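The structure appears below as structure tokens.
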Amino acid sequence: MVKKSTAQEALIYQAYVNGVGGLSTNFNSSGYIYANAYLSNQNHTITSSTNYADGNWHYVAVRMSGTTMQLWVDNVSIGTVTVNHSFSSIDKSTFSGGSGSNTELMYVSQFYIAPSSVVTSTEIANIWTY
């Protein structure tokens with residue numbers, strides 16, 4: 001769950017593996033939420049079409065399965081992207097999350113990390129309704 005009220009760049013989550021790449025979920029400067037996988041020297045990005053920097057709590061999930069990444073916001077699938085590299089080593093990564101802008105604190109709550117073999121699309125929906 002994330003909450004932000006100003007449309008400024010802010011990191012929600014980042015995982016990085018030296019020499020492999022990484023995954024991040026962010027607010028962009030327009031208040032849209034995006035997920036980016038940087039793997040094999042390429043960016044693979046999914047961006048929402050809605051400004052979520054509205055001061056309300058929003059449920060954000062990124063599901064990685066094989067070479068597919070999917071972004072969910074408030075239990076709605078924003079989209080998928082196919083990447084040309086496995087995510088298998090990202091679970092052993094440098095992790096950071098919840099850094100806001102210089103003028104506003106962003107709130108992050110109820111953060112989960114689990115492999116896609118454990119968390120299905122149905123379970124993502126069930127977490128939202130919990």
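Chain identifiers are assigned as A, B, and so on, following the order in which chains appear in the structure tokens; residues are numbered from 1 within each chain, and ligands are numbered from 1 in order of appearance.
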
Excluding A:Ser40 and any residue of its chain fewer than 5 positions from it, enumerate the residues within 8 Å of it, using only C-alpha atoms, and give them as a ChimeraX atom specification. /A:20-21,84-85

Tell me which of A:Gln42, A:Ser49, A:Met64, A:Ala15 sits closest to A:Val76, counting only C-alpha atoms. A:Ser49

Show which residues sit within 9 Å of A:Gly31, as a list in words. Count only C-alpha atoms, and ignore same-chain residues fewer than 4 positions away.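 These residues fall inside the cut-off: Lys4, Ser5, Thr6, Ala7, Gln8, Glu9, Phe27, Thr50, Asn51, Tyr52, Ala53 and Asp54 of chain A.
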
Between atom CA of A:Thr122 and atom CA of A:Trp72, what is the spacing in Å?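 Separation between atom CA of A:Trp72 and atom CA of A:Thr122: 11.9 Å.
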
Can you pull out the residues contacting A:Asp74? Cut-off 7 Å, using only C-alpha atoms, and skip same-chain residues under 6 positions away; I want them as a ChimeraX atom specification. /A:58-60

Could the residues in this selection be written to a file with N, CA, C and O atoms, as a short mmCIF file (atom, residue, chain, number, x, y, z; two decimals), in the first residue's frame?
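Output file out30.cif is given in full below:
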```cif
data_model
loop_
_atom_site.label_atom_id
_atom_site.label_comp_id
_atom_site.auth_asym_id
_atom_site.auth_seq_id
_atom_site.Cartn_x
_atom_site.Cartn_y
_atom_site.Cartn_z
N HIS A 58 -3.17 3.31 -1.99
CA HIS A 58 -3.32 2.49 -3.19
C HIS A 58 -2.52 1.21 -3.04
O HIS A 58 -1.39 1.22 -2.56
N TYR A 59 -3.14 0.12 -3.46
CA TYR A 59 -2.52 -1.19 -3.43
C TYR A 59 -1.73 -1.37 -4.72
O TYR A 59 -2.27 -1.25 -5.81
N VAL A 60 -0.42 -1.62 -4.60
CA VAL A 60 0.45 -1.79 -5.76
C VAL A 60 1.09 -3.17 -5.67
O VAL A 60 1.63 -3.54 -4.63
#
```

For A:Gly79: contacts at 9 Å, only C-alpha atoms, fewer than 2 positions along chain excluded, given as a CSV table (one decimal) with all heavy atoms, in the first residue's frame:
```csv
chain,number,residue,atom,x,y,z
A,46,ILE,N,6.2,-0.7,-17.5
A,46,ILE,CA,4.8,-0.6,-17.5
A,46,ILE,C,4.4,0.6,-16.7
A,46,ILE,O,4.8,0.8,-15.6
A,46,ILE,CB,4.1,-1.9,-16.8
A,46,ILE,CG1,4.6,-3.2,-17.4
A,46,ILE,CG2,2.6,-1.8,-17.0
A,46,ILE,CD1,4.3,-4.4,-16.6
A,47,THR,N,3.5,1.5,-17.3
A,47,THR,CA,3.2,2.7,-16.7
A,47,THR,C,1.6,2.9,-16.6
A,47,THR,O,1.0,2.6,-17.6
A,47,THR,CB,3.7,4.0,-17.4
A,47,THR,OG1,5.2,3.8,-17.5
A,47,THR,CG2,3.4,5.3,-16.7
A,48,SER,N,1.1,3.3,-15.5
A,48,SER,CA,-0.3,3.5,-15.3
A,48,SER,C,-0.7,4.7,-16.2
A,48,SER,O,0.1,5.6,-16.5
A,48,SER,CB,-0.7,3.7,-13.9
A,48,SER,OG,-0.3,5.0,-13.4
A,69,MET,N,6.5,-9.7,-16.6
A,69,MET,CA,6.2,-8.8,-15.5
A,69,MET,C,4.8,-8.2,-15.6
A,69,MET,O,4.5,-7.8,-16.7
A,69,MET,CB,7.3,-7.7,-15.4
A,69,MET,CG,7.1,-6.7,-14.3
A,69,MET,SD,8.4,-5.5,-14.1
A,69,MET,CE,8.2,-4.5,-15.5
A,70,GLN,N,4.1,-8.1,-14.5
A,70,GLN,CA,2.7,-7.6,-14.6
A,70,GLN,C,2.6,-6.6,-13.4
A,70,GLN,O,3.0,-6.8,-12.3
A,70,GLN,CB,1.7,-8.7,-14.4
A,70,GLN,CG,0.3,-8.2,-14.5
A,70,GLN,CD,-0.7,-9.4,-14.6
A,70,GLN,OE1,-0.4,-10.5,-14.1
A,70,GLN,NE2,-1.9,-9.1,-15.1
A,71,LEU,N,2.0,-5.4,-13.7
A,71,LEU,CA,1.8,-4.3,-12.7
A,71,LEU,C,0.3,-4.3,-12.4
A,71,LEU,O,-0.5,-4.3,-13.3
A,71,LEU,CB,2.3,-3.0,-13.2
A,71,LEU,CG,1.9,-1.8,-12.4
A,71,LEU,CD1,2.6,-1.8,-11.0
A,71,LEU,CD2,2.3,-0.5,-13.1
A,72,TRP,N,0.0,-4.3,-11.1
A,72,TRP,CA,-1.4,-4.1,-10.6
A,72,TRP,C,-1.5,-2.9,-9.7
A,72,TRP,O,-0.6,-2.6,-8.9
A,72,TRP,CB,-1.8,-5.3,-9.7
A,72,TRP,CG,-1.8,-6.6,-10.4
A,72,TRP,CD1,-0.7,-7.4,-10.8
A,72,TRP,CD2,-2.9,-7.4,-10.8
A,72,TRP,NE1,-1.1,-8.5,-11.4
A,72,TRP,CE2,-2.4,-8.6,-11.4
A,72,TRP,CE3,-4.3,-7.2,-10.6
A,72,TRP,CZ2,-3.3,-9.6,-11.8
A,72,TRP,CZ3,-5.1,-8.2,-11.1
A,72,TRP,CH2,-4.6,-9.4,-11.7
A,76,VAL,N,-6.4,-3.8,-10.2
A,76,VAL,CA,-6.6,-3.7,-11.6
A,76,VAL,C,-5.3,-3.9,-12.3
A,76,VAL,O,-4.3,-3.3,-12.0
A,76,VAL,CB,-7.2,-2.3,-12.0
A,76,VAL,CG1,-7.3,-2.2,-13.5
A,76,VAL,CG2,-8.6,-2.1,-11.4
A,77,SER,N,-5.2,-4.9,-13.2
A,77,SER,CA,-4.0,-5.1,-14.0
A,77,SER,C,-3.8,-3.9,-14.9
A,77,SER,O,-4.6,-3.6,-15.8
A,77,SER,CB,-4.1,-6.4,-14.8
A,77,SER,OG,-2.9,-6.5,-15.6
A,81,VAL,N,4.6,-6.9,-19.5
A,81,VAL,CA,5.7,-6.7,-20.5
A,81,VAL,C,6.5,-8.0,-20.4
A,81,VAL,O,6.7,-8.6,-19.3
A,81,VAL,CB,6.5,-5.4,-20.1
A,81,VAL,CG1,7.2,-5.5,-18.8
A,81,VAL,CG2,7.5,-5.1,-21.3
```

When you look at stretch 22-26 of chain A with a cut-off of 7 Å (counting only C-alpha atoms), what residues show up, excluding the ones that are within fewer than 4 positions of it in the same chain? I need them as a PDB file with N, CA and C atoms, in the first residue's frame.
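Writing the result to out_27.pdb gives the following:
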```
ATOM      1  N   ALA A  10       9.138   9.517  -6.994  1.00  0.00           N
ATOM      2  CA  ALA A  10       9.370   8.905  -5.686  1.00  0.00           C
ATOM      3  C   ALA A  10       9.492   7.395  -5.856  1.00  0.00           C
ATOM      4  N   LEU A  11      10.449   6.809  -5.180  1.00  0.00           N
ATOM      5  CA  LEU A  11      10.675   5.370  -5.219  1.00  0.00           C
ATOM      6  C   LEU A  11       9.714   4.669  -4.272  1.00  0.00           C
ATOM      7  N   ILE A  12       9.036   3.636  -4.766  1.00  0.00           N
ATOM      8  CA  ILE A  12       8.209   2.785  -3.919  1.00  0.00           C
ATOM      9  C   ILE A  12       9.027   1.573  -3.485  1.00  0.00           C
ATOM     10  N   TYR A  13       9.705   0.939  -4.431  1.00  0.00           N
ATOM     11  CA  TYR A  13      10.451  -0.287  -4.171  1.00  0.00           C
ATOM     12  C   TYR A  13      11.569  -0.421  -5.193  1.00  0.00           C
ATOM     13  N   GLN A  14      12.700  -0.957  -4.759  1.00  0.00           N
ATOM     14  CA  GLN A  14      13.791  -1.233  -5.681  1.00  0.00           C
ATOM     15  C   GLN A  14      14.554  -2.458  -5.206  1.00  0.00           C
ATOM     16  N   ALA A  15      14.837  -3.343  -6.140  1.00  0.00           N
ATOM     17  CA  ALA A  15      15.694  -4.507  -5.889  1.00  0.00           C
ATOM     18  C   ALA A  15      16.733  -4.516  -6.992  1.00  0.00           C
ATOM     19  N   TYR A  16      17.990  -4.711  -6.614  1.00  0.00           N
ATOM     20  CA  TYR A  16      19.059  -4.645  -7.593  1.00  0.00           C
ATOM     21  C   TYR A  16      20.067  -5.746  -7.333  1.00  0.00           C
ATOM     22  N   VAL A  17      20.526  -6.377  -8.403  1.00  0.00           N
ATOM     23  CA  VAL A  17      21.567  -7.389  -8.306  1.00  0.00           C
ATOM     24  C   VAL A  17      22.744  -6.912  -9.142  1.00  0.00           C
ATOM     25  N   ILE A  33       2.067   5.644 -11.576  1.00  0.00           N
ATOM     26  CA  ILE A  33       2.888   4.577 -11.005  1.00  0.00           C
ATOM     27  C   ILE A  33       3.443   3.749 -12.146  1.00  0.00           C
ATOM     28  N   TYR A  34       4.735   3.434 -12.061  1.00  0.00           N
ATOM     29  CA  TYR A  34       5.320   2.578 -13.089  1.00  0.00           C
ATOM     30  C   TYR A  34       6.249   1.547 -12.469  1.00  0.00           C
ATOM     31  N   ALA A  35       6.342   0.414 -13.168  1.00  0.00           N
ATOM     32  CA  ALA A  35       7.274  -0.651 -12.796  1.00  0.00           C
ATOM     33  C   ALA A  35       8.286  -0.763 -13.927  1.00  0.00           C
ATOM     34  N   ASN A  36       9.551  -0.881 -13.566  1.00  0.00           N
ATOM     35  CA  ASN A  36      10.608  -0.983 -14.566  1.00  0.00           C
ATOM     36  C   ASN A  36      11.555  -2.119 -14.195  1.00  0.00           C
ATOM     37  N   ALA A  37      11.799  -2.984 -15.173  1.00  0.00           N
ATOM     38  CA  ALA A  37      12.815  -4.030 -15.030  1.00  0.00           C
ATOM     39  C   ALA A  37      13.966  -3.656 -15.948  1.00  0.00           C
ATOM     40  N   TYR A  38      15.150  -3.491 -15.366  1.00  0.00           N
ATOM     41  CA  TYR A  38      16.343  -3.229 -16.158  1.00  0.00           C
ATOM     42  C   TYR A  38      17.162  -4.511 -16.167  1.00  0.00           C
ATOM     43  N   LEU A  39      17.091  -5.207 -17.284  1.00  0.00           N
ATOM     44  CA  LEU A  39      17.752  -6.498 -17.417  1.00  0.00           C
ATOM     45  C   LEU A  39      18.402  -6.586 -18.792  1.00  0.00           C
ATOM     46  N   ILE A  90      16.947 -11.886  -8.642  1.00  0.00           N
ATOM     47  CA  ILE A  90      16.580 -10.620  -8.010  1.00  0.00           C
ATOM     48  C   ILE A  90      16.130 -10.815  -6.569  1.00  0.00           C
TER      49      ILE A  90
END
```

State, in Å with one decimal place, the distance from atom CA of A:Trp57 to atom CA of A:Asn43.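 Going from atom CA of A:Trp57 over to atom CA of A:Asn43, I get 27.5 Å.
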
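Our summary of the geometry notes that atom CA of A:Arg63 is positioned 19.8 Å from atom CA of A:Asn28.
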